[in-house]
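Heads up, model08.txt below (compact mmCIF, C-alpha atoms):
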# COMPACT_ATOMS: atom_id res chain seq x y z
CA MET P 33 8.52 9.20 -18.89
CA LYS P 34 9.14 6.94 -21.88
CA ASN P 35 11.39 3.92 -21.56
CA ARG P 36 13.06 1.26 -23.70
CA LEU P 37 13.31 -1.32 -20.95
CA LYS P 38 11.53 -4.03 -22.94
CA ILE P 39 13.92 -3.56 -25.88
CA GLU P 40 17.02 -3.56 -23.66
CA ARG P 41 15.73 -6.68 -21.92
CA ALA P 42 15.21 -8.37 -25.28
CA ILE P 43 18.78 -7.47 -26.36
CA LEU P 44 20.12 -9.29 -23.30
CA ASP P 45 17.59 -12.09 -23.89
CA LEU P 46 16.19 -11.85 -20.37
CA THR P 47 12.68 -12.58 -19.12
CA GLN P 48 10.98 -10.13 -16.74
CA ASP P 49 11.58 -12.62 -13.94
CA GLU P 50 15.30 -12.95 -14.70
CA LEU P 51 15.77 -9.19 -14.93
CA ALA P 52 13.86 -8.74 -11.67
CA ASN P 53 16.12 -11.26 -9.90
CA LYS P 54 19.26 -9.58 -11.23
CA ILE P 55 18.36 -6.15 -9.88
CA GLY P 56 16.60 -7.32 -6.69
CA VAL P 57 12.97 -6.38 -7.34
CA SER P 58 9.76 -8.28 -8.11
CA ARG P 59 8.59 -9.23 -11.61
CA GLN P 60 5.58 -6.99 -10.98
CA THR P 61 7.90 -3.97 -10.68
CA ILE P 62 9.56 -4.68 -14.05
CA SER P 63 6.14 -5.14 -15.64
CA SER P 64 4.88 -1.86 -14.15
CA ILE P 65 7.95 0.05 -15.40
CA GLU P 66 7.59 -1.40 -18.90
CA LYS P 67 3.91 -0.42 -19.01
CA ASN P 68 4.83 3.11 -17.84
CA LYS P 69 2.71 2.65 -14.72
CA TYR P 70 5.64 3.19 -12.37
CA VAL P 71 8.69 5.47 -12.53
CA PRO P 72 11.64 3.76 -10.80
CA SER P 73 13.88 5.39 -8.21
CA THR P 74 17.37 6.65 -9.05
CA VAL P 75 18.85 3.56 -7.34
CA LEU P 76 16.89 1.20 -9.57
CA ALA P 77 17.64 3.23 -12.71
CA LEU P 78 21.37 3.13 -11.89
CA ARG P 79 21.21 -0.61 -11.22
CA LEU P 80 19.63 -1.07 -14.66
CA SER P 81 22.31 1.17 -16.13
CA LEU P 82 25.05 -1.04 -14.63
CA LEU P 83 23.34 -4.19 -15.92
CA PHE P 84 22.73 -2.88 -19.45
CA ASP P 85 26.16 -1.18 -19.43
CA LYS P 86 24.58 1.98 -20.82
CA PRO P 87 23.85 5.45 -19.43
CA VAL P 88 20.37 5.90 -17.91
CA ASN P 89 19.46 8.40 -20.65
CA ASP P 90 19.75 5.62 -23.24
CA PHE P 91 16.70 3.78 -21.94
CA PHE P 92 14.77 6.42 -19.97
CA GLU P 93 13.59 9.55 -21.72
CA LEU P 94 11.57 12.51 -20.50
CA GLU P 95 8.35 13.39 -22.33
CA ASP P 96 8.15 16.89 -23.82
CA SER P 97 5.83 18.04 -21.02
CA GLU P 98 8.35 16.85 -18.41
CA MET P 99 11.30 18.80 -19.79
CA PRO P 100 12.78 21.22 -17.22
CA MET P 101 11.79 24.84 -17.76
CA ALA P 102 10.06 23.78 -20.99
CA ASN P 103 7.96 26.92 -21.05
CA ASN P 104 10.78 29.32 -20.21
CA VAL P 105 13.40 28.22 -22.75
CA MET B 19 29.05 12.87 -5.00
CA ASN B 20 29.92 9.77 -7.06
CA VAL B 21 27.38 7.20 -8.28
CA LYS B 22 28.06 4.61 -5.54
CA SER B 23 27.75 7.07 -2.65
CA PHE B 24 24.58 8.50 -4.22
CA MET B 25 23.08 4.97 -4.50
CA GLU B 26 24.12 4.24 -0.90
CA CYS B 27 22.45 7.46 0.31
CA GLU B 28 19.17 6.71 -1.45
CA ARG B 29 19.21 3.05 -0.37
CA LYS B 30 19.58 4.14 3.28
CA SER B 31 16.53 6.41 3.01
CA LEU B 32 14.50 3.52 1.55
CA GLU B 33 15.72 1.19 4.32
CA LYS B 34 14.52 3.68 6.97
CA MET B 35 10.96 3.35 5.64
CA LYS B 36 11.08 -0.44 5.97
CA ARG B 37 12.32 -0.44 9.57
CA TYR B 38 8.87 -0.37 11.17
CA GLN B 39 7.62 -3.32 9.11
CA LEU B 40 7.21 -6.92 10.26
CA PRO B 41 8.26 -10.06 8.35
CA ASN B 42 5.80 -11.51 5.80
CA ARG B 43 4.71 -14.38 8.10
CA PHE B 44 2.94 -11.85 10.36
CA LYS B 45 0.42 -11.25 7.57
CA LYS B 46 -0.91 -14.82 7.96
CA ILE B 47 -0.89 -14.46 11.76
CA GLY B 48 -2.87 -11.20 11.37
CA ILE B 49 -5.44 -12.83 9.05
CA GLY B 50 -5.80 -15.68 11.57
CA ILE B 51 -6.40 -13.24 14.44
CA ILE B 52 -9.01 -11.35 12.34
CA ILE B 53 -10.90 -14.56 11.51
CA ILE B 54 -10.87 -15.81 15.12
CA SER B 55 -11.91 -12.37 16.41
CA LEU B 56 -14.74 -12.04 13.86
CA VAL B 57 -16.10 -15.51 14.72
CA THR B 58 -15.86 -14.68 18.45
CA PHE B 59 -17.58 -11.31 17.84
CA PHE B 60 -20.57 -12.79 16.00
CA VAL B 61 -20.92 -15.84 18.28
CA ASN B 62 -20.87 -13.46 21.25
CA LYS B 63 -23.38 -11.09 19.60
CA PHE B 64 -25.96 -13.77 18.89
CA SER B 65 -25.58 -16.11 21.86
CA ILE B 66 -23.27 -15.35 24.79
CA GLU B 67 -23.50 -11.53 24.95
CA ASN B 68 -20.51 -11.01 27.22
CA ILE B 69 -19.19 -7.41 27.25
CA ASP B 70 -15.56 -8.39 27.98
CA LEU B 71 -15.57 -10.94 25.18
CA LYS B 72 -17.05 -8.36 22.79
CA LEU B 73 -14.30 -5.88 23.68
CA THR B 74 -11.58 -8.53 23.30
CA ALA B 75 -12.94 -9.52 19.87
CA LYS B 76 -13.10 -5.86 18.77
CA TYR B 77 -9.50 -5.20 19.75
CA GLY B 78 -8.48 -8.56 18.26
CA ILE B 79 -9.80 -7.37 14.88
CA LEU B 80 -7.79 -4.14 15.21
CA VAL B 81 -4.58 -5.98 16.16
CA GLY B 82 -5.09 -8.38 13.24
CA LEU B 83 -5.66 -5.53 10.78
CA LEU B 84 -2.56 -3.72 12.09
CA LEU B 85 -0.42 -6.85 11.65
CA VAL B 86 -1.67 -7.28 8.06
CA SER B 87 -1.12 -3.57 7.39
CA ILE B 88 2.52 -3.43 8.57
CA SER B 89 3.68 -6.84 7.35
CA LYS B 90 6.09 -6.94 4.43
CA GLU B 91 5.19 -8.53 1.11
CA LYS B 92 7.15 -11.62 -0.02
CA ILE B 93 9.26 -9.29 -2.16
CA GLU B 94 9.09 -5.87 -0.53
CA ASP B 95 10.66 -3.58 -3.12
CA GLU B 96 10.30 0.11 -3.98
CA LEU B 97 7.06 -0.44 -5.96
CA MET B 98 5.46 -1.99 -2.87
CA THR B 99 6.75 0.91 -0.71
CA SER B 100 5.23 3.37 -3.18
CA LEU B 101 1.86 1.53 -3.30
CA ARG B 102 1.85 1.28 0.49
CA MET B 103 2.35 5.05 0.84
CA GLN B 104 -0.47 5.67 -1.67
CA SER B 105 -2.78 3.36 0.28
CA TYR B 106 -2.02 5.11 3.61
CA THR B 107 -2.73 8.50 2.03
CA PHE B 108 -5.98 7.23 0.51
CA ALA B 109 -7.01 5.57 3.80
CA PHE B 110 -6.42 8.80 5.73
CA ILE B 111 -8.53 10.90 3.35
CA ALA B 112 -11.23 8.23 2.92
CA GLY B 113 -11.31 7.64 6.69
CA VAL B 114 -12.00 11.29 7.44
CA ILE B 115 -14.68 11.55 4.70
CA ILE B 116 -16.39 8.30 5.74
CA THR B 117 -16.35 9.35 9.40
CA LEU B 118 -17.79 12.79 8.59
CA LEU B 119 -20.45 11.69 6.11
CA THR B 120 -21.64 8.17 6.79
CA ASN B 121 -22.26 8.37 10.52
CA PRO B 122 -24.84 11.19 10.36
CA LEU B 123 -26.36 9.44 7.32
CA PHE B 124 -26.68 6.11 9.16
CA ASN B 125 -28.12 7.90 12.18
CA TYR B 126 -30.65 9.70 9.96
CA ILE B 127 -31.72 6.43 8.29
CA ALA B 128 -31.92 4.72 11.68
CA ASN B 129 -34.11 7.58 12.96
CA ILE B 130 -36.47 7.26 9.98
CA ILE B 131 -36.72 3.49 10.42
CA SER B 132 -37.27 3.64 14.18
CA GLN B 133 -39.61 6.67 13.82
CA LYS B 134 -37.91 8.31 16.79
CA GLN B 135 -36.61 11.83 16.86
CA GLN B 136 -33.04 11.90 18.09
CA GLU B 137 -31.65 15.36 18.74
CA ASN B 138 -27.95 14.51 18.74
CA PHE B 139 -26.14 12.23 16.34
CA GLN B 140 -24.21 9.39 17.92
CA GLU B 141 -20.48 10.00 18.01
CA VAL B 142 -18.15 7.72 16.05
CA GLY B 143 -16.02 5.78 18.51
CA ASP B 144 -12.24 5.33 18.42
CA TRP B 145 -12.65 1.68 17.50
CA GLU B 146 -14.80 2.53 14.44
CA ILE B 147 -12.34 5.20 13.20
CA LEU B 148 -9.32 2.91 13.53
CA TRP B 149 -11.26 0.05 11.96
CA ILE B 150 -12.22 2.22 8.96
CA LEU B 151 -8.63 3.53 8.50
CA LEU B 152 -6.99 0.11 8.68
CA SER B 153 -9.64 -1.67 6.58
CA VAL B 154 -9.50 0.94 3.82
CA GLN B 155 -5.67 0.84 3.82
CA VAL B 156 -5.49 -2.96 3.66
CA PHE B 157 -8.12 -3.30 0.92
CA TYR B 158 -6.86 -0.36 -1.15
CA PHE B 159 -3.29 -1.70 -0.98
CA GLU B 160 -4.52 -5.09 -2.29
CA PHE B 161 -6.49 -3.26 -5.01
CA LEU B 162 -3.38 -1.28 -6.08
CA LYS B 163 -1.29 -4.45 -6.18
CA ARG B 164 -3.81 -6.11 -8.51
CA MET B 165 -3.98 -2.99 -10.68
CA ASN B 166 -0.18 -3.04 -11.12
CA LYS B 167 0.07 -6.71 -12.10
As a first step, turn the structure in this file into structure tokens.
Amino acid sequence: MKNRLKIERAILDLTQDELANKIGVSRQTISSIEKNKYVPSTVLALRLSLLFDKPVNDFFELEDSEMPMANNV
Amino acid sequence: MNVKSFMECERKSLEKMKRYQLPNRFKKIGIGIIIISLVTFFVNKFSIENIDLKLTAKYGILVGLLLVSISKEKIEDELMTSLRMQSYTFAFIAGVIITLLTNPLFNYIANIISQKQQENFQEVGDWEILWILLSVQVFYFEFLKRMNK
């Protein structure tokens, strides 16, 4: 899954540490999400959505291979 | 289901997983127990040779490892929960493989060195199995944490 977390964080002028404190996780978690090493839970994605005031789809995007029923459509 | 009730539902399921965990300070207590037990074990092995003391030290190491294994991190979030689950899975698989493969191998090497023919391999004891499982889990969890920095 691709994400634009780093860009959204830069728009709000937040460091990884500040963003982590705002949504109640560790800085390591933010770093892992930005590096695409970890896919966050729905709860965390919705918390980010509330903070960025944008729908989740605006900063998380499925890769082509992850599209539902990609082979059947 | 609206967004808030969905978030509440998922948060509750995450909270359930954290219920069996101990506060972070128990990690230091666990490390302390491991160190004391290891020192006692080796002192006993090379000088005192008391069976009760050996048993106490062995179980002390297990209790220490268990405390380290189930203690929370300073910030125990969903990434830590995910890494913890990965480490338990890895420890279970590695524990079974190590138990199945290494014990006969060590027995075979010991037989070659001692030049004695032993018909039956020695069984792996409960202490060894638990020690392998907990050690692999604790070290693999630390490894995963460093990999995700």
Any idea what's packed within 12 Å of P:Ile62, counting all atoms listed in the file, ignoring anything in its chain fewer than 4 positions away? Could you give it as a count of residues only? 33
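Pairwise distance (atom CA of B:Ile52, atom CA of B:Phe157) equals 14.0 Å.
Taking all atoms listed in the file into account, chain B lies nearest to P:Thr61 out of the set P:Met99, P:Leu94, P:Ile43, P:Thr61.
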Interatomic distance (Å, one decimal) between atom CA of P:Glu40 and atom CA of B:Ser23: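 Value for the atom CA of P:Glu40-atom CA of B:Ser23 distance: 25.9 Å.
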My list of candidates is P:Leu83, P:Ile65, P:Val75, P:Val88. Which is closest to chain B when distances are computed with all atoms listed in the file? P:Val75
Spatial neighbours of stretch 63-79 of chain B, max dist 7 Å, all atoms listed in the file, sep filter under 6 positions, as a list in words: Ile51, Ile52, Ser55 and Leu56 of chain B
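Picture a line from atom CA of B:Trp145 to atom CA of B:Phe108; it runs 19.1 Å.
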So, counting all atoms listed in the file, which residue among P:Asp45, P:Lys34, P:Ser64, P:Leu82 is closest to chain B?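 Ranking P:Asp45, P:Lys34, P:Ser64, P:Leu82 by distance to chain B, first place goes to P:Ser64.
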Would you please work out which residue, of B:Leu148, B:Cys27, B:Asn62, B:Leu162, is nearest to B:Met98 when using only C-alpha atoms?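 Using only C-alpha atoms, the shortest distance to B:Met98 belongs to B:Leu162.
Distance check against chain P using all atoms listed in the file: of B:Ile54, B:Arg164, B:Thr117, B:Val154, the minimum falls on B:Arg164.
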With distances taken over only C-alpha atoms, which residue among B:Leu123, B:Phe159, B:Glu94, B:Lys45 lies nearest chain P?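 Ranked by minimum distance to chain P, first place goes to B:Glu94.
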